[in-house]
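Here the structure comes first, spelled out in structure tokens, and everything after it is commentary.
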Amino acid sequence: MCEAQEINAEHKDLIHDVAYDYYGRRMATCSSDHYVKVWDQNSEGKWILTSSWKAHSGSVWKVTWAHPEFGQVLATSSFDRTAAVWEEIVGELPGPGERGTRHWVRRTNLVDSRTSVTDVKFGPKSQGLQLATCSAEGTIRIYEAPDVMNLSQWTLQHEIQCKLPCSCLTWNPSLNRLHPQMIAVGSDDPNPTNGGKVFVYEYNENSRRWIKLETISSLVDPVHDIAFSPNLGRSYHVLAVGTKDVKILNLTPVDDEQSAQSGVTKLDIETIAQFEDHNSLVWRVCWNLNGNVLCSTGDDGSVRMFKMNAINSWKPVAVLKGDSAQLSHAQYNSISITNGSTSIPFSQTARYIKLGSISQSRETPWH
Amino acid sequence: MSTFFVVQEGPVNALALNKDYSQVAIGGRNVFKVYAVEEDKFREVCNVRGSKHLNQGFSYNDVSWSPTDDHYLATAATNGHVSVWNLTKMGKAMQEQDYQDHKRTVNKVNFHASEPNKLISGSQDGTLRYFDIRLKSAVAIFYSNTESVRDVQFSPHNSYTFAAVSDNGGVQLWDIRKSEKCLQQFTAHSGPVFACDWHPEVTWLATASRDRTIKVWDLTGKPTLERTIHTIGSIGHVKWRPQKKYHISSCAIVIDCSINVWDIRRPYIPYASFNEHRGFPSSVQWKGDPDVFLSCGKDSTLYQHSFNDASRPAAKANPQGSSMNNRGEVLFAKKNSPFHNIASSSSSSLTKATVGLMRKISTTQPIDQFHDASSTLHHITYVNEAVNDESQNFIALAKNYVLHGRSISELCEHNSTVAREFGKPHIAVVWKIIKTMYGEEFMQNSVNSNNTSRDEPQHNNKTANGTMGVLPVENVNNVRDAETETNCKTTNEAQTAQFSGGDEETELEDQVDNSQSYNGFPTYLNIGTGLPKGDFSFGENELDMELDSINSGDCYFLDFHTGYRGFDHVNSDDSEYVLPNEAFPVRHEIKDRSPPPEQFPNHHSPDLSEELEMFQVEEISPTPICVTKIPKKSMWDPSSLVVEALRHHANLGDIQTTACILIVLGDCRRFLTQLDEATQEHWVMGYIEMLTSYRLWNIVTQVIKRSWLPSVYQLNQQSTRINTNCGNCTKALQRVGWLCDKCHSSKYGVCCICNQVVKGIFAWCQGCSHGGHLAHIRQWMGSHKVCPAGCGHLCEYG
């Protein structure tokens, strides 16, 4: 059963991004109203607003948390052409029995972009403190804080020109040291004749440069969101793309002599799943911690979950339908690998639940 | 209507349209021209600047076209001159008036909207001058008492009123008839106000400033701030959009080269953006039509813009946000949309239509609903849901798995039961298989194949001194191997019969329930003492059917299916059990591990001789296999399958199983030759990553500590030093403990309750710096509020 608790965020305009922190206990929201808000979950599970500040002078498109190893650090990107790094400061003198007052200070403002900064993401923590931004003019920028204790100093390490306007970006979070750093970027360019809308870049240790590995030519529709799956142990990479539908791609590094010689990874790219369940534009895709459940949201207002089963095939497992007022929930029986004796889920019972209460139940065919 | 442009010789500062919008005058550095605005281009009508009679070494800041007489233009120049031009004349005669009243740069000049021949100018010298173009000098002078006047605009609502804005952030309202004092003034901005514009319909005045805001003031009565638009860059120019009450256009002088049109009801994001200019736009004039306007800029261009070519930042904006945490909960923010129900209620058969509809909505909606943008944020949690269970299970398994300290068999057995306990029977099976393959019996085989020594006493001695696991399980397994070998063929049929149609899972569970219900780890010690084990041995094809049924269930065992032809299930029958024991002594024991048999009476060495005899008796008996010396088995190497299985789990996202098996395998990892170190590291790091996100620090430490990979175990060896200072002299303590080199005393490290030097954790009050053993202080503070040292300090927080 599913419960959708509405949080009154009190943003004065659209919320463009929400982000859980690493532990899933804090949340940051950003909005067109130029504000970023940080929320903490109290012991009853209720979200308490702990900070709210005007972060930019334009719409704040994205907000993202750094690994907690670096402190409580956020990065935001905005329509005002900047990306900013924020750090939470706990007041020096906490009153007796109270938590110190907290506030977020801007540690740096990255002003290199000449157009809207559409996405910002911290790199994998094994590489220190790195930040990638992409912009509407089609430039990807990689920044690095050489001293992780000094968040106010960031140097622009790389600038990668991408031919199309960029809308979203994702780092490959693979923990395997043999996987070079990888970034995938999506473009929301509306013209299909401009070719593939997803670009994959890799950092080449030999040339110390980022080089383009692939333009995924099968994706010609505008891409709104892109996300590498957490890779805790896979030898290949899984990329989710939110475009006019949900696509899941496997990116398998190919071991051949050519790539071994040049030091450039050759990727075997395969679209392993494509879901048109939203029947509309897909705006966001995000992964669970293990990288075996993908969550997508679309213009139909629903949240859909897809899960990889034991034979590496992806199946829809849950739909959370929403209307303008509230979310209801329809849950397919998940492909139960927890119960080894169940048979193939050839038919599913869907329950439609509105805010936790069962309104009706009926049989729906599996699709 | 289309977008087109023409390039000029220099930056253009201002433009003015005539009253029927057919012609445009532009002024700037080296530029003063009149163009006719045609359907798709600008046609040059007159180039005043190009006239060789006029030597103008200055640039024009502003141009104004008389709304009453189409022949007259006025210009404001950087040299302080205000000029009136008659377009019907030629050459020098065009310049009908050249007012040199202003001492400094003139920023703005404007014709009166209704009164012909009337002109007002605002200058850097802080004055405003009112001209009648028929007269040689100013009719009236208005002293603003500010450093400079940036903009001056006649009110369209009251023909006597005009507004002036200045560098000090102030707005002044003047009556044209009263030059001695302004009607009203107020501070509008925290920086210089660069521009203002009266709303054509309501008594609103928009002001734009270097403080990066556009403010809309209601001047009906006392000036009140209606709206504030926060912009990216300082705004140099604003103009209301005709026929759209809430729309206003703006040009920035820094950062932003776009011309933005705002809906003041949604002051956060431009309603439309025009990005044609490569330099900063300086001025905008609407062609009476809300969809067409002209602009000029520092990039030396004059543009006509059409709304069709505008970019809509808000339409491109992502209207949704979502995030999933490690408990599988989802945050979902979405735009509130009145059209939502149309989309969601459409069935899949209407896919095409829906997509079309959605497209239409996404283009029309921002227009109709632009200012009504809002989002709702939902936090979706699971109640008794599989997703949630998985994170609970992960934590439970992580906490209950035992990864070291015992033999592989024992660890596998334990972990298998733990997995079953928390509803993961398939993982339990994996553990069992690992046990079967890498438990001590496997080791036994591998050692046997390499070693022919059968010195029994030596074996006992060595095993008694063994440092590894302390389990007799291996004996049993060892025995069973022999049994398997002899029995495989003879009792095959009987064993097959046992499995006829039986559900393997069920049977296993029964077995577990009967013989070794999980009661925490200590139970396990019983397994080795001869209790039924519920273990597998390899049969021929017995379990194919069972595996098939499982496979059809969820395909989970597909990978194993090809590898294991089947498992057998040893019946826990006592007589059968004793018999294999006899085979034990002929087997050689690996040196480094094995149990001290004295702990387990039924395996005592005194029995061995007897068992040996019995074994020999059996060997002599005419069984199909007659062995005088047990032949070396040709080893079946399961490692490739194990690696494959580990990869399988890793690919599934079940890094816990993969990493834990890898850790438990211990030395057996050397058999997994296909597994490179980077992958092992990847898996262990993956597990650590997951544990970290659940804040299972102790388990993380355990995993790191047990790690065989340098890159992993080094994780715990970084930044481990904590420096402490002496409580008396605050000098850093160099030695272990609390002895200060300077004070030559450790009395400041003494526990104020027991008066002993504290070794280990010293807890102290930050207020009075007294403290002591953590346990003592905790105990004291449990019942007291004041300092135990008697200093009277209230150590406990209020």
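Chain labels run A, B, ... following the order of the structure tokens; each chain numbers its residues from 1, and ligands are numbered from 1 in the order shown.
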(request) Could you tell me, as a PyMOL selection string, which residues of stretch 120-320 of chain A DSSP assigns to helix (DSSP H, G or I) when given the backbone? (result) chain A and resi 125-127+192-194+257-262
Each residue of chain A with at least one atom at most 7 Å from chain B should appear once, together with its nearest atom pair and the corresponding distance in Å (one decimal); atoms considered: only C-alpha atoms; ordering: chain, then increasing residue number; output as a Markdown table.
```
| residue | atom | partner | partner_atom | distance |
| --- | --- | --- | --- | --- |
| A:Met1 | CA | B:Val383 | CA | 5.1 |
| A:Cys2 | CA | B:Tyr382 | CA | 4.6 |
| A:Glu3 | CA | B:Thr381 | CA | 5.2 |
| A:Ala4 | CA | B:Ile380 | CA | 4.3 |
| A:Gln5 | CA | B:His379 | CA | 5.0 |
| A:Glu6 | CA | B:His378 | CA | 4.4 |
| A:Ile7 | CA | B:Leu377 | CA | 5.4 |
| A:Asn8 | CA | B:Leu377 | CA | 6.8 |
| A:Ala9 | CA | B:Leu377 | CA | 6.6 |
| A:Lys12 | CA | B:Ser374 | CA | 6.7 |
| A:Asp13 | CA | B:Ser374 | CA | 4.8 |
| A:Leu14 | CA | B:Ser374 | CA | 4.7 |
| A:Ile15 | CA | B:Ser375 | CA | 5.7 |
| A:His16 | CA | B:Gly321 | CA | 5.5 |
| A:Asp17 | CA | B:Gly321 | CA | 4.2 |
| A:Val18 | CA | B:Gly321 | CA | 5.3 |
| A:Ala19 | CA | B:Ser323 | CA | 5.4 |
| A:Tyr20 | CA | B:Asn325 | CA | 6.1 |
| A:Tyr22 | CA | B:Ser693 | CA | 6.3 |
| A:Tyr23 | CA | B:Ser693 | CA | 5.0 |
| A:Gly24 | CA | B:Asn325 | CA | 4.8 |
| A:Ser32 | CA | B:Tyr268 | CA | 6.1 |
| A:Asp33 | CA | B:Tyr268 | CA | 5.4 |
| A:His34 | CA | B:Tyr268 | CA | 6.9 |
| A:Ser57 | CA | B:Ile232 | CA | 5.4 |
| A:Gly58 | CA | B:Tyr268 | CA | 6.3 |
| A:Ser59 | CA | B:Ile269 | CA | 6.2 |
| A:Asp80 | CA | B:Ile232 | CA | 5.4 |
| A:Pro96 | CA | B:Tyr797 | CA | 5.4 |
| A:Gly97 | CA | B:Tyr797 | CA | 5.7 |
| A:Leu175 | CA | B:His682 | CA | 5.5 |
| A:Asn176 | CA | B:His682 | CA | 4.6 |
| A:Arg177 | CA | B:Ala678 | CA | 6.5 |
| A:Leu178 | CA | B:Ala678 | CA | 6.6 |
| A:Leu232 | CA | B:Gly686 | CA | 4.1 |
| A:Gly233 | CA | B:Trp683 | CA | 4.8 |
| A:Arg234 | CA | B:Asn651 | CA | 5.0 |
| A:Asn279 | CA | B:Thr351 | CA | 6.0 |
| A:Ser280 | CA | B:Val355 | CA | 5.7 |
| A:Trp283 | CA | B:Gln320 | CA | 6.3 |
| A:Arg284 | CA | B:Gly321 | CA | 6.4 |
| A:Cys286 | CA | B:Ser323 | CA | 6.1 |
| A:Trp287 | CA | B:Met324 | CA | 6.5 |
| A:Asn288 | CA | B:Met324 | CA | 5.7 |
| A:Leu289 | CA | B:Asn326 | CA | 5.3 |
| A:Asn290 | CA | B:Gly653 | CA | 4.9 |
| A:Gly291 | CA | B:Gly653 | CA | 5.9 |
| A:Asn292 | CA | B:Gly653 | CA | 5.6 |
| A:Asp300 | CA | B:Ser344 | CA | 5.1 |
| A:Ala310 | CA | B:Tyr556 | CA | 5.4 |
| A:Ile311 | CA | B:Cys555 | CA | 6.6 |
| A:Asp323 | CA | B:Asn341 | CA | 6.3 |
| A:Ser324 | CA | B:Asn336 | CA | 5.7 |
| A:Ile337 | CA | B:Asp554 | CA | 6.4 |
| A:Thr338 | CA | B:Lys424 | CA | 5.6 |
| A:Gly340 | CA | B:His426 | CA | 6.2 |
| A:Ser341 | CA | B:Gly553 | CA | 6.0 |
| A:Thr342 | CA | B:Gly553 | CA | 5.2 |
| A:Ser343 | CA | B:Gly553 | CA | 3.9 |
| A:Ile344 | CA | B:Gly553 | CA | 5.3 |
```
(request) Please identify all polymer residues within 12 Å of B:His157, counting only C-alpha atoms, omitting same-chain residues fewer than 4 positions from it, and present them as a PyMOL selection string. (result) chain B and resi 113-114+153+161-163+198-205+219-220
Within 8 Å of A:Ile226, counting only C-alpha atoms, which residues show up once you throw out same-chain ones fewer than 2 positions away? Write them as a CSV table (one decimal) with N, CA and C atoms, in the first residue's frame, please.
```csv
chain,number,residue,atom,x,y,z
A,168,CYS,N,20.1,18.3,-19.6
A,168,CYS,CA,20.3,17.5,-18.4
A,168,CYS,C,21.6,16.7,-18.6
A,169,LEU,N,22.1,16.3,-17.4
A,169,LEU,CA,23.4,15.7,-17.4
A,169,LEU,C,23.5,14.7,-16.3
A,170,THR,N,24.3,13.7,-16.4
A,170,THR,CA,24.4,12.7,-15.4
A,170,THR,C,25.8,12.1,-15.4
A,184,ALA,N,27.0,11.6,-19.3
A,184,ALA,CA,26.0,11.6,-20.4
A,184,ALA,C,25.2,12.9,-20.3
A,185,VAL,N,25.0,13.4,-21.4
A,185,VAL,CA,24.2,14.7,-21.5
A,185,VAL,C,23.1,14.5,-22.5
A,186,GLY,N,22.0,15.1,-22.1
A,186,GLY,CA,20.8,15.1,-23.0
A,186,GLY,C,20.5,16.5,-23.5
A,223,VAL,N,15.2,15.3,-25.1
A,223,VAL,CA,15.4,14.6,-23.9
A,223,VAL,C,15.3,15.5,-22.7
A,224,HIS,N,14.5,15.1,-21.8
A,224,HIS,CA,14.2,16.0,-20.6
A,224,HIS,C,15.0,15.6,-19.4
A,228,PHE,N,22.2,8.0,-15.0
A,228,PHE,CA,22.9,6.7,-14.9
A,228,PHE,C,22.4,6.0,-13.7
A,239,LEU,N,21.6,3.3,-18.4
A,239,LEU,CA,21.3,4.7,-18.5
A,239,LEU,C,19.8,4.8,-18.8
A,240,ALA,N,19.1,5.6,-18.0
A,240,ALA,CA,17.7,5.9,-18.2
A,240,ALA,C,17.5,7.2,-18.8
A,241,VAL,N,16.7,7.3,-19.8
A,241,VAL,CA,16.4,8.5,-20.6
A,241,VAL,C,15.0,8.8,-20.6
A,242,GLY,N,14.6,10.1,-20.2
A,242,GLY,CA,13.2,10.5,-20.2
A,242,GLY,C,13.1,11.4,-21.4
A,284,ARG,N,10.9,13.2,-15.8
A,284,ARG,CA,12.0,12.9,-14.9
A,284,ARG,C,12.2,11.4,-14.8
A,285,VAL,N,13.4,11.0,-14.7
A,285,VAL,CA,13.7,9.6,-14.4
A,285,VAL,C,14.7,9.6,-13.2
```
(message) Need to verify the contact set: A:Ile183, 8 Å, only C-alpha atoms, exclusion of same-chain residues closer than 4 positions in sequence. Can you return it as a PyMOL selection string?
(response) chain A and resi 169-172+200-202
(request) Considering only C-alpha atoms, return as a list in words whatever protein or nucleic-acid residues lie within 12 Å of B:Tyr160, sequence-local ones (same chain, fewer than 5 positions apart) excluded. (result) His112, Ala113, Ser114, Glu115, Lys118, Ile120, Tyr130, Gln153, Phe154, Ser155, Leu173, Trp174, Asp175, Ile176, Arg177, Lys178, Ser179 and Leu183 of chain B
(request) Work out how far apart atom CA of A:Asn191 and atom CA of B:Asp309 are and give it in Å to one decimal. (result)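 Between atom CA of A:Asn191 and atom CA of B:Asp309 the gap works out to 15.2 Å.
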(request) Work out how far atom CA of A:Ala83 is from atom CA of A:His158, in Å to one decimal. (result)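 Separation between atom CA of A:His158 and atom CA of A:Ala83: 15.5 Å.
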(request) Please give the complete set of residues from stretch 92-238 of chain A that DSSP, run on the backbone, assigns to strand (DSSP E), formatted as a VMD selection string. (result) chain A and resid 102 to 110 117 to 122 129 to 135 139 to 145 155 to 161 166 to 171 182 to 187 198 to 204 209 to 216 225 to 228 237 to 238
(request) Please measure the separation of atom CA of B:Gly279 and atom CA of A:Ala75, giving the value in Å to one decimal. (result)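 According to the coordinates, atom CA of B:Gly279 and atom CA of A:Ala75 are separated by 29.5 Å.
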(request) Excluding A:Ser126 and any residue of its chain fewer than 2 positions from it, enumerate the residues within 10 Å of it, using only C-alpha atoms, and give them as a PyMOL selection string. (result) chain A and resi 123-124+128-130+173-177
Atoms kept (N, CA and C atoms) for selection, written as a PDB file, in the first residue's frame:
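This went into selection.pdb:
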```pdb
ATOM      1  N   GLY A 123      30.292  15.138  -9.108  1.00  0.00           N
ATOM      2  CA  GLY A 123      30.892  13.905  -9.601  1.00  0.00           C
ATOM      3  C   GLY A 123      30.975  12.860  -8.512  1.00  0.00           C
ATOM      4  N   PRO A 124      31.357  11.632  -8.891  1.00  0.00           N
ATOM      5  CA  PRO A 124      31.500  10.583  -7.898  1.00  0.00           C
ATOM      6  C   PRO A 124      32.553  10.965  -6.859  1.00  0.00           C
ATOM      7  N   GLY A 128      37.087  13.044  -5.697  1.00  0.00           N
ATOM      8  CA  GLY A 128      37.152  14.319  -4.994  1.00  0.00           C
ATOM      9  C   GLY A 128      35.895  15.124  -5.252  1.00  0.00           C
ATOM     10  N   LEU A 129      36.055  16.425  -5.185  1.00  0.00           N
ATOM     11  CA  LEU A 129      34.892  17.285  -5.324  1.00  0.00           C
ATOM     12  C   LEU A 129      34.877  17.876  -6.729  1.00  0.00           C
ATOM     13  N   GLN A 130      34.069  17.267  -7.554  1.00  0.00           N
ATOM     14  CA  GLN A 130      33.938  17.742  -8.928  1.00  0.00           C
ATOM     15  C   GLN A 130      32.500  18.132  -9.186  1.00  0.00           C
ATOM     16  N   PRO A 173      28.030   6.871 -11.870  1.00  0.00           N
ATOM     17  CA  PRO A 173      28.504   6.743 -10.493  1.00  0.00           C
ATOM     18  C   PRO A 173      29.258   5.458 -10.222  1.00  0.00           C
ATOM     19  N   SER A 174      29.699   4.779 -11.247  1.00  0.00           N
ATOM     20  CA  SER A 174      30.321   3.472 -11.049  1.00  0.00           C
ATOM     21  C   SER A 174      31.467   3.544 -10.044  1.00  0.00           C
ATOM     22  N   LEU A 175      31.495   2.545  -9.201  1.00  0.00           N
ATOM     23  CA  LEU A 175      32.538   2.489  -8.186  1.00  0.00           C
ATOM     24  C   LEU A 175      33.740   1.694  -8.663  1.00  0.00           C
ATOM     25  N   ASN A 176      33.665   1.205  -9.876  1.00  0.00           N
ATOM     26  CA  ASN A 176      34.755   0.389 -10.375  1.00  0.00           C
ATOM     27  C   ASN A 176      35.877   1.288 -10.851  1.00  0.00           C
ATOM     28  N   ARG A 177      37.078   1.050 -10.309  1.00  0.00           N
ATOM     29  CA  ARG A 177      38.170   1.959 -10.662  1.00  0.00           C
ATOM     30  C   ARG A 177      38.633   1.767 -12.097  1.00  0.00           C
TER      31      ARG A 177
END
```
